[in-house]
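Shown next: data39.txt, given as compact mmCIF, C-alpha atoms and all ligand atoms.
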# COMPACT_ATOMS: atom_id res chain seq x y z
CA MET A 1 0.00 0.00 0.00
CA ILE A 2 1.33 3.44 -0.88
CA GLU A 3 1.28 5.86 2.01
CA ILE A 4 0.34 9.39 1.01
CA VAL A 5 2.24 11.92 3.06
CA PRO A 6 0.44 15.29 3.05
CA GLU A 7 2.53 18.21 1.79
CA LYS A 8 3.63 20.68 4.40
CA GLU A 9 2.18 24.15 4.11
CA GLU A 10 4.76 26.82 4.82
CA ILE A 11 3.16 29.56 6.91
CA LEU A 12 6.16 31.67 8.00
CA LYS A 13 9.46 32.18 6.21
CA VAL A 14 12.21 34.32 7.69
CA GLU A 15 15.19 35.01 5.46
CA ASN A 16 18.49 36.67 6.41
CA LEU A 17 16.85 38.58 9.24
CA LYS A 18 19.00 41.23 10.91
CA MET A 19 17.97 43.35 13.86
CA TYR A 20 20.69 45.78 14.90
CA PHE A 21 20.21 48.37 17.66
CA PRO A 22 22.46 51.43 17.41
CA VAL A 23 24.76 52.15 20.36
CA THR A 24 25.22 55.88 20.97
CA LYS A 25 27.54 57.90 23.17
CA GLY A 26 27.47 61.35 24.78
CA LEU A 27 24.97 64.19 24.72
CA LEU A 28 24.99 64.31 20.93
CA LYS A 29 24.21 60.61 20.83
CA ARG A 30 27.01 59.87 18.42
CA LYS A 31 26.67 56.36 17.03
CA VAL A 32 29.59 54.21 18.10
CA GLY A 33 28.42 50.79 16.98
CA ASP A 34 25.57 48.32 16.84
CA VAL A 35 24.20 45.61 19.07
CA LYS A 36 23.67 42.80 16.61
CA ALA A 37 20.73 41.26 18.48
CA VAL A 38 19.76 39.10 15.50
CA ASP A 39 22.36 38.59 12.82
CA ASP A 40 21.44 36.89 9.55
CA VAL A 41 18.89 34.36 10.74
CA SER A 42 16.72 32.22 8.44
CA PHE A 43 14.06 29.59 9.17
CA THR A 44 10.59 28.43 8.18
CA VAL A 45 7.55 27.31 10.18
CA ASN A 46 4.89 25.04 8.67
CA LYS A 47 1.17 25.04 9.37
CA GLY A 48 0.31 23.23 12.59
CA GLU A 49 3.97 22.94 13.60
CA THR A 50 6.14 24.44 16.33
CA LEU A 51 9.59 25.91 15.96
CA GLY A 52 11.38 25.97 19.30
CA ILE A 53 14.04 28.63 19.78
CA VAL A 54 16.46 28.06 22.67
CA GLY A 55 19.43 29.95 24.00
CA GLU A 56 20.73 31.85 27.00
CA SER A 57 19.49 35.36 27.73
CA GLY A 58 20.96 37.83 25.25
CA SER A 59 20.99 35.24 22.46
CA GLY A 60 18.40 37.19 20.45
CA LYS A 61 15.54 34.69 20.70
CA SER A 62 12.95 37.15 22.04
CA THR A 63 14.07 39.76 19.52
CA ILE A 64 13.24 37.29 16.75
CA GLY A 65 9.72 36.94 18.22
CA ASN A 66 9.29 40.71 18.27
CA CYS A 67 10.57 41.03 14.70
CA VAL A 68 8.10 38.39 13.48
CA MET A 69 5.32 40.26 15.31
CA ARG A 70 6.63 43.46 13.67
CA ASN A 71 6.87 45.12 17.06
CA LEU A 72 10.30 46.21 15.80
CA ASN A 73 11.35 47.78 12.52
CA ILE A 74 13.83 45.25 11.24
CA THR A 75 17.28 46.27 9.97
CA SER A 76 17.16 43.99 6.94
CA GLY A 77 15.90 40.65 5.71
CA THR A 78 12.49 39.30 4.75
CA ILE A 79 9.56 38.02 6.81
CA THR A 80 6.92 36.28 4.70
CA TYR A 81 3.66 35.28 6.33
CA LYS A 82 1.31 33.07 4.28
CA GLY A 83 3.05 34.17 1.08
CA ARG A 84 2.87 37.92 1.85
CA ASP A 85 5.98 39.95 2.57
CA ILE A 86 5.22 41.65 5.90
CA SER A 87 8.80 42.82 6.57
CA TYR A 88 8.09 46.51 6.12
CA MET A 89 4.27 46.54 6.17
CA LYS A 90 2.64 49.39 8.07
CA ASN A 91 -0.67 50.65 9.51
CA GLU A 92 -3.94 49.15 8.27
CA GLU A 93 -2.30 46.50 6.14
CA LEU A 94 -0.20 45.31 9.08
CA ARG A 95 -3.13 45.45 11.51
CA ALA A 96 -5.13 43.12 9.26
CA VAL A 97 -2.32 40.52 9.39
CA HIS A 98 -1.69 41.10 13.08
CA SER A 99 -4.99 39.72 14.31
CA LYS A 100 -3.94 36.29 13.04
CA LEU A 101 -0.46 36.64 14.57
CA GLN A 102 -0.49 36.75 18.34
CA MET A 103 2.19 36.88 21.01
CA ILE A 104 2.07 35.63 24.60
CA THR A 105 4.85 36.89 26.84
CA GLN A 106 6.68 35.64 29.89
CA ASN A 107 5.21 37.64 32.70
CA PRO A 108 1.46 37.19 33.23
CA PHE A 109 1.71 39.62 36.19
CA GLU A 110 2.70 42.49 33.92
CA SER A 111 0.84 41.69 30.74
CA LEU A 112 -2.69 41.95 32.20
CA ASP A 113 -4.13 45.38 33.09
CA PRO A 114 -4.99 45.18 36.83
CA ARG A 115 -7.95 47.57 36.38
CA MET A 116 -9.71 45.41 33.79
CA THR A 117 -12.01 42.46 34.38
CA VAL A 118 -11.37 39.14 32.69
CA LEU A 119 -14.20 39.89 30.24
CA ASP A 120 -12.65 43.23 29.23
CA ILE A 121 -9.15 41.77 28.95
CA ILE A 122 -10.25 38.93 26.70
CA MET A 123 -12.58 41.03 24.57
CA GLU A 124 -10.23 44.02 24.22
CA GLY A 125 -8.76 42.82 20.90
CA PRO A 126 -12.06 41.92 19.22
CA ARG A 127 -13.54 45.27 20.37
CA ILE A 128 -10.64 47.25 18.89
CA ARG A 129 -11.05 45.39 15.63
CA ASN A 130 -14.84 45.79 15.72
CA SER A 131 -15.30 42.05 15.53
CA ALA A 132 -17.14 41.95 18.88
CA ARG A 133 -20.93 41.85 18.87
CA SER A 134 -23.48 42.42 21.64
CA ILE A 135 -22.45 42.21 25.30
CA TYR A 136 -24.40 38.93 25.55
CA GLU A 137 -22.39 37.42 22.73
CA GLN A 138 -19.15 38.78 24.21
CA THR A 139 -20.01 37.21 27.57
CA ALA A 140 -20.83 33.86 25.98
CA TYR A 141 -17.65 33.94 23.88
CA THR A 142 -15.47 34.83 26.89
CA LYS A 143 -16.99 32.02 28.95
CA GLU A 144 -16.35 29.59 26.12
CA LEU A 145 -12.71 30.70 25.91
CA LEU A 146 -12.23 30.43 29.68
CA GLU A 147 -13.45 26.85 29.52
CA LYS A 148 -11.10 26.13 26.62
CA VAL A 149 -8.09 27.23 28.69
CA GLY A 150 -9.23 25.33 31.78
CA LEU A 151 -10.66 28.19 33.87
CA ASN A 152 -14.05 28.46 35.51
CA PRO A 153 -16.32 30.54 33.20
CA GLU A 154 -17.80 32.18 36.29
CA TYR A 155 -14.49 34.07 36.74
CA ILE A 156 -15.53 36.46 33.99
CA ASP A 157 -15.98 39.51 36.28
CA ARG A 158 -12.85 38.98 38.37
CA TYR A 159 -9.65 41.03 38.22
CA PRO A 160 -6.08 39.77 37.53
CA HIS A 161 -4.94 40.09 41.17
CA GLU A 162 -7.49 37.39 42.12
CA PHE A 163 -5.60 34.74 40.13
CA SER A 164 -2.40 32.72 40.52
CA GLY A 165 0.47 32.99 38.01
CA GLY A 166 -0.65 29.91 36.10
CA GLN A 167 -4.26 31.13 35.95
CA ARG A 168 -3.11 34.52 34.68
CA GLN A 169 -1.13 32.84 31.93
CA ARG A 170 -4.30 30.95 31.01
CA ILE A 171 -6.11 34.31 30.76
CA SER A 172 -3.33 35.58 28.47
CA ILE A 173 -3.81 32.50 26.30
CA ALA A 174 -7.59 33.05 26.18
CA ARG A 175 -6.97 36.70 25.19
CA SER A 176 -4.87 35.51 22.24
CA LEU A 177 -7.43 32.87 21.25
CA ALA A 178 -10.15 35.55 21.13
CA MET A 179 -8.45 36.85 17.96
CA GLN A 180 -8.71 33.39 16.35
CA PRO A 181 -4.99 33.33 15.60
CA GLU A 182 -3.25 31.08 13.12
CA PHE A 183 0.18 31.72 14.57
CA ILE A 184 1.32 32.39 18.14
CA VAL A 185 4.75 33.51 19.33
CA CYS A 186 5.10 32.07 22.85
CA ASP A 187 7.92 34.05 24.44
CA GLU A 188 9.16 32.24 27.58
CA ILE A 189 5.52 31.70 28.58
CA VAL A 190 6.30 29.12 31.27
CA SER A 191 9.62 30.47 32.58
CA ALA A 192 8.06 32.40 35.47
CA LEU A 193 5.88 29.46 36.61
CA ASP A 194 6.41 26.53 38.98
CA VAL A 195 7.54 23.30 37.29
CA SER A 196 4.19 21.50 37.84
CA ILE A 197 2.28 24.47 36.37
CA GLN A 198 4.73 24.65 33.45
CA ALA A 199 3.76 21.12 32.40
CA GLN A 200 0.04 22.00 32.54
CA ILE A 201 0.49 25.11 30.37
CA VAL A 202 2.64 23.24 27.84
CA LYS A 203 -0.01 20.49 27.59
CA LEU A 204 -2.73 23.14 27.17
CA MET A 205 -0.79 24.78 24.33
CA MET A 206 -0.35 21.41 22.63
CA ARG A 207 -4.06 20.62 22.93
CA LEU A 208 -5.06 24.01 21.52
CA GLN A 209 -2.58 23.63 18.66
CA GLU A 210 -4.15 20.35 17.68
CA GLU A 211 -7.69 21.69 18.00
CA TYR A 212 -7.11 24.87 15.96
CA ASN A 213 -4.21 23.70 13.75
CA MET A 214 -2.15 26.70 14.84
CA SER A 215 1.58 27.21 14.33
CA TYR A 216 3.87 28.32 17.14
CA ILE A 217 7.27 29.77 17.75
CA PHE A 218 8.06 28.57 21.27
CA ILE A 219 10.90 30.55 22.82
CA GLY A 220 12.62 29.28 25.96
CA HIS A 221 15.91 28.66 27.68
CA ASP A 222 15.01 25.22 29.06
CA LEU A 223 15.70 22.65 26.35
CA SER A 224 13.72 19.92 28.14
CA VAL A 225 10.54 22.07 27.95
CA VAL A 226 11.13 23.34 24.39
CA ARG A 227 11.88 19.85 23.11
CA TYR A 228 8.60 18.52 24.47
CA LEU A 229 6.40 20.45 22.08
CA SER A 230 8.67 21.44 19.18
CA ASP A 231 8.85 19.88 15.72
CA ASN A 232 12.06 21.72 14.89
CA ILE A 233 14.48 23.56 17.15
CA ALA A 234 16.89 26.44 16.49
CA VAL A 235 19.70 26.86 19.02
CA MET A 236 20.81 30.48 19.24
CA TYR A 237 23.95 32.08 20.56
CA LEU A 238 24.80 35.76 20.39
CA GLY A 239 22.29 36.61 17.66
CA LYS A 240 23.00 33.66 15.39
CA ILE A 241 21.55 30.19 14.87
CA MET A 242 24.23 27.66 15.79
CA GLU A 243 22.22 24.55 14.99
CA TYR A 244 18.80 23.80 13.51
CA THR A 245 17.10 20.47 12.96
CA ASN A 246 14.09 18.42 14.10
CA ALA A 247 13.66 18.02 17.86
CA GLU A 248 14.48 14.31 17.92
CA THR A 249 17.73 14.63 15.96
CA LEU A 250 18.83 17.62 17.99
CA TYR A 251 18.42 15.71 21.20
CA ASP A 252 19.81 12.36 19.98
CA ASN A 253 22.62 13.66 17.78
CA PRO A 254 23.58 17.24 18.67
CA LEU A 255 26.53 18.31 16.51
CA HIS A 256 27.36 21.83 17.65
CA PRO A 257 29.49 22.04 20.82
CA TYR A 258 27.08 24.62 22.29
CA THR A 259 24.04 22.36 21.75
CA GLN A 260 26.00 19.44 23.22
CA ALA A 261 26.68 21.51 26.34
CA LEU A 262 23.02 22.55 26.66
CA ILE A 263 21.79 18.98 26.28
CA SER A 264 24.35 17.64 28.75
CA ALA A 265 22.79 19.94 31.36
CA VAL A 266 19.23 18.61 30.87
CA PRO A 267 18.41 16.31 33.84
CA ILE A 268 17.66 12.65 33.08
CA PRO A 269 14.82 11.10 35.17
CA ASP A 270 16.94 7.98 35.97
CA PRO A 271 19.30 9.09 38.79
CA VAL A 272 21.88 6.35 37.99
CA VAL A 273 22.16 7.31 34.31
CA ASP A 274 22.07 10.99 35.26
CA ARG A 275 24.98 10.56 37.69
CA GLU A 276 27.13 8.67 35.21
CA ARG A 277 26.81 10.76 32.09
CA LYS A 278 29.36 13.36 31.08
CA ARG A 279 28.43 16.99 31.64
CA ILE A 280 30.00 19.69 29.49
CA LEU A 281 30.49 22.74 31.64
CA LEU A 282 30.78 26.01 29.80
CA GLU A 283 33.19 28.46 31.29
CA GLY A 284 32.79 32.23 31.19
CA GLU A 285 29.93 34.48 30.25
CA VAL A 286 28.23 35.16 26.94
CA PRO A 287 30.34 37.96 25.34
CA SER A 288 28.80 41.39 24.83
CA PRO A 289 26.77 41.58 21.61
CA ILE A 290 28.26 45.08 21.07
CA ASN A 291 31.66 43.53 20.74
CA PRO A 292 31.30 39.87 19.69
CA PRO A 293 34.47 37.81 19.23
CA LYS A 294 36.18 37.60 15.86
CA GLY A 295 35.58 34.35 13.99
CA CYS A 296 33.07 31.99 15.60
CA ASN A 297 30.76 33.70 18.11
CA PHE A 298 31.21 30.74 20.47
CA CYS A 299 35.03 30.58 20.33
CA THR A 300 35.59 32.22 23.75
CA ARG A 301 33.72 29.38 25.52
CA CYS A 302 34.12 26.43 23.18
CA PRO A 303 36.28 23.54 24.48
CA TYR A 304 37.33 22.70 20.90
CA ALA A 305 38.23 26.20 19.67
CA THR A 306 41.23 26.40 17.33
CA GLU A 307 43.08 29.22 15.61
CA GLU A 308 40.76 28.83 12.62
CA CYS A 309 37.74 29.36 14.93
CA ARG A 310 39.24 32.60 16.25
CA GLU A 311 39.92 33.91 12.76
CA ALA A 312 37.09 32.83 10.45
CA GLU A 313 33.36 32.73 11.01
CA PRO A 314 32.03 29.21 10.32
CA GLU A 315 29.55 28.83 7.49
CA TYR A 316 25.99 27.89 8.51
CA LYS A 317 25.63 24.77 6.37
CA GLU A 318 23.34 21.78 5.87
CA VAL A 319 25.40 18.80 7.03
CA GLU A 320 22.62 16.22 6.77
CA GLU A 321 19.16 16.57 5.27
CA GLY A 322 17.37 19.29 7.27
CA HIS A 323 20.23 19.54 9.81
CA PHE A 324 22.09 22.86 9.75
CA VAL A 325 25.18 23.63 11.83
CA ALA A 326 27.59 26.57 12.06
CA CYS A 327 30.86 25.00 13.19
CA HIS A 328 34.24 24.41 11.50
CA ARG A 329 34.52 21.08 13.28
CA VAL A 330 31.35 19.61 11.77
CA LYS A 331 31.71 18.39 8.19
CA LYS A 332 29.10 17.29 5.65
CA GLY A 333 27.54 14.01 6.72
CA GLY A 334 27.58 15.13 10.34
CA ALA A 335 31.09 13.81 11.13
FE1 LIG A 401 33.82 25.62 18.67
FE2 LIG A 401 35.23 26.27 16.54
FE3 LIG A 401 32.95 25.02 16.23
FE4 LIG A 401 32.99 27.55 17.01
S1 LIG A 401 33.67 26.77 15.06
S2 LIG A 401 31.76 25.93 17.85
S3 LIG A 401 34.78 27.57 18.31
S4 LIG A 401 34.79 24.21 17.23

How would this structure read if it were set down as structure tokens?
Amino acid sequence: MIEIVPEKEEILKVENLKMYFPVTKGLLKRKVGDVKAVDDVSFTVNKGETLGIVGESGSGKSTIGNCVMRNLNITSGTITYKGRDISYMKNEELRAVHSKLQMITQNPFESLDPRMTVLDIIMEGPRIRNSARSIYEQTAYTKELLEKVGLNPEYIDRYPHEFSGGQRQRISIARSLAMQPEFIVCDEIVSALDVSIQAQIVKLMMRLQEEYNMSYIFIGHDLSVVRYLSDNIAVMYLGKIMEYTNAETLYDNPLHPYTQALISAVPIPDPVVDRERKRILLEGEVPSPINPPKGCNFCTRCPYATEECREAEPEYKEVEEGHFVACHRVKKGGA
């Protein structure tokens, strides 16, 4: 029997994205350089799939999310959403696209207006876009959304301070769902929550993705969480993607020394195996993005760095099908 594999539908394509922030000095604000927060990054996300982006703070992962959302005016590159170039789109045109692109951020304590009820928070977007109807319909819709995210629909008239961190993040998710999004950027959405609550929110996001066939970018610094719900993962360091492949391959066969170090730090549930495996400890801090090292961005912390690494930037190349790595040490075929 011939198995028919459905073709993947590309929903987001980011090509050669650069986001530089000028660094100025003195009263006259003379430009003295750039922070290369995102430096020549490319990836795609297919319909119904999740791209995980991992890296330490300062790696540029949240900046990518804000560029995709067009909260920032990008320095250069192309962002194509459902076949339309939205890289430099403005005003009405951008607003029309925006309702289908939503972002949920890390801190549910800051992202909800403490003076608004749950009903007003969730219906704010539809009201701005005039897609809300009568108050009865708004109430019914809000209750339906609260149920979808696992909250009691009777909470509709409560205020944010009456909820726990996990419940507030559920309200943030319901607020995004109210816009019937096709794509959500989840920026460290579980980082501020307890571990047990993290698992619940991740499961909720997976259930909603399946139900609505949404695509996600899931940004985080904890590889064990990101791996759980990602189809593909990009590992970032100092504004660049160091390694990109599907979640399984990344975990089972990491090729970049930075990815290997990150994975070696992920706890294994079996304490015997966990105790015996080799951990790769990275020394030093992430260098300043204003003054990144010459050659490979990772050369100041890499245990395998050579003269070549300190002189020449490694090419970001496909070493196996769908597996991209930026490292002089890794040759075609993944050796
Ligand atoms: Fe390490 Fe060199 Fe590879 Fe960079 S290019 S990750 S410094 S081995």

Cut-off 12 Å around (17.4, 52.0, 22.9) with all atoms listed in the file: residues as a list of chain:residue names: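 All residues meeting the 12 Å criterion around (17.4, 52.0, 22.9) are A:Tyr20, A:Phe21, A:Pro22, A:Val23, A:Thr24, A:Lys25, A:Lys29, A:Lys31, A:Asp34, A:Val35, A:Leu72.
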
Take the residues from that selection and put them in a file with C-alpha atoms, as an mmCIF file, in the coordinates of the input.
data_model
loop_
_atom_site.group_PDB
_atom_site.id
_atom_site.type_symbol
_atom_site.label_atom_id
_atom_site.label_comp_id
_atom_site.auth_asym_id
_atom_site.auth_seq_id
_atom_site.Cartn_x
_atom_site.Cartn_y
_atom_site.Cartn_z
ATOM 1 C CA TYR A 20 20.690 45.780 14.900
ATOM 2 C CA PHE A 21 20.210 48.370 17.660
ATOM 3 C CA PRO A 22 22.460 51.430 17.410
ATOM 4 C CA VAL A 23 24.760 52.150 20.360
ATOM 5 C CA THR A 24 25.220 55.880 20.970
ATOM 6 C CA LYS A 25 27.540 57.900 23.170
ATOM 7 C CA LYS A 29 24.210 60.610 20.830
ATOM 8 C CA LYS A 31 26.670 56.360 17.030
ATOM 9 C CA ASP A 34 25.570 48.320 16.840
ATOM 10 C CA VAL A 35 24.200 45.610 19.070
ATOM 11 C CA LEU A 72 10.300 46.210 15.800
#

Closest of A:Leu112, A:Leu204, A:Ile290, A:Met236 to ligand LIG 401 (chain A) - atom-to-atom distances counting all atoms listed in the file: A:Met236

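Near Leu282 in chain A, within 8 Å and counting all atoms listed in the file, sit Ala261, Arg301 and Cys302 of chain A, not including residues fewer than 6 positions from it in the same chain.
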
Counting all atoms listed in the file, give me one row per residue of chain A with an atom at most 7 Å from an atom of ligand LIG 401 (chain A), showing the shortest contact pair and its distance in Å to one decimal, sorted by chain then residue number, as a tab-separated table.
residue	atom	partner	partner_atom	distance
A:His256	CA	A:LIG401	S2	6.0
A:Pro257	CA	A:LIG401	S2	5.4
A:Tyr258	CA	A:LIG401	S2	6.6
A:Cys296	CA	A:LIG401	FE4	4.7
A:Asn297	CA	A:LIG401	FE4	6.6
A:Phe298	CA	A:LIG401	FE4	5.0
A:Cys299	CA	A:LIG401	S3	3.6
A:Cys302	CA	A:LIG401	FE1	4.6
A:Pro303	CA	A:LIG401	FE1	6.6
A:Tyr304	CA	A:LIG401	S4	4.7
A:Ala305	CA	A:LIG401	S3	4.0
A:Thr306	CA	A:LIG401	FE2	6.1
A:Cys309	CA	A:LIG401	FE2	4.3
A:Pro314	CA	A:LIG401	S1	5.6
A:Ala326	CA	A:LIG401	S1	6.8
A:Cys327	CA	A:LIG401	FE3	3.7
A:His328	CA	A:LIG401	S1	4.3
A:Arg329	CA	A:LIG401	S4	5.0

Restrict the selected residues to C-alpha atoms and save them as a PDB file, in the coordinates of the input.
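Output saved as selection-v3.pdb:
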ATOM      1  CA  HIS A 256      27.360  21.830  17.650  1.00  0.00           C
ATOM      2  CA  PRO A 257      29.490  22.040  20.820  1.00  0.00           C
ATOM      3  CA  TYR A 258      27.080  24.620  22.290  1.00  0.00           C
ATOM      4  CA  CYS A 296      33.070  31.990  15.600  1.00  0.00           C
ATOM      5  CA  ASN A 297      30.760  33.700  18.110  1.00  0.00           C
ATOM      6  CA  PHE A 298      31.210  30.740  20.470  1.00  0.00           C
ATOM      7  CA  CYS A 299      35.030  30.580  20.330  1.00  0.00           C
ATOM      8  CA  CYS A 302      34.120  26.430  23.180  1.00  0.00           C
ATOM      9  CA  PRO A 303      36.280  23.540  24.480  1.00  0.00           C
ATOM     10  CA  TYR A 304      37.330  22.700  20.900  1.00  0.00           C
ATOM     11  CA  ALA A 305      38.230  26.200  19.670  1.00  0.00           C
ATOM     12  CA  THR A 306      41.230  26.400  17.330  1.00  0.00           C
ATOM     13  CA  CYS A 309      37.740  29.360  14.930  1.00  0.00           C
ATOM     14  CA  PRO A 314      32.030  29.210  10.320  1.00  0.00           C
ATOM     15  CA  ALA A 326      27.590  26.570  12.060  1.00  0.00           C
ATOM     16  CA  CYS A 327      30.860  25.000  13.190  1.00  0.00           C
ATOM     17  CA  HIS A 328      34.240  24.410  11.500  1.00  0.00           C
ATOM     18  CA  ARG A 329      34.520  21.080  13.280  1.00  0.00           C
TER      19      ARG A 329
END

Selection: 7 Å around range 239-247 of chain A, only C-alpha atoms, excl. self and same-chain fewer than 2 positions, as a list in words: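 Here the qualifying residues turn out to be Lys36, Ala37, Val38, Asp39, Asp40, Val41, Ser59, Gly60, Arg227, Ser230, Asp231, Asn232, Ile233, Ala234, Val235, Met236, Tyr237, Thr249, Leu250, Tyr251, His256, Gly322, His323, Phe324, Val325 and Ala326 of chain A.
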
Close residues, Arg84 in chain A itself excluded, 10 Å, all atoms listed in the file, min 3 positions apart in chain, as a list in words: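 Everything that qualifies: Ile11, Leu12, Lys13, Ile79, Thr80, Tyr81, Ser87, Met89 and Val97 of chain A.
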
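When only C-alpha atoms are used to compute distances to Ser76 in chain A, the closest of the residues A:Lys18, A:Lys317, A:Lys332, A:His161 turns out to be A:Lys18.
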
Residue contacts of Tyr159 in chain A (9 Å, only C-alpha atoms) excluding same-chain residues fewer than 2 positions away, as a PyMOL selection string: chain A and resi 113-118+155-157+161-163

Pick from A:Thr44, A:Ser191, A:Thr78, A:Gln200, whichever lies nearest to Glu10 in chain A using all atoms listed in the file: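 When distances to Glu10 in chain A are compared using all atoms listed in the file, the smallest one comes from A:Thr44.
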
Gap from CA of Gln102 in chain A to CA of Ser176 in chain A - Å, one decimal: 6.0 Å

All residues 12 Å or closer to range 143-152 of chain A, all atoms listed in the file, same chain fewer than 3 positions away omitted, as an MDAnalysis selection string: chainID A and resid 118:119 121:123 136:140 155:158 163:164 166:180 200:209 211:212
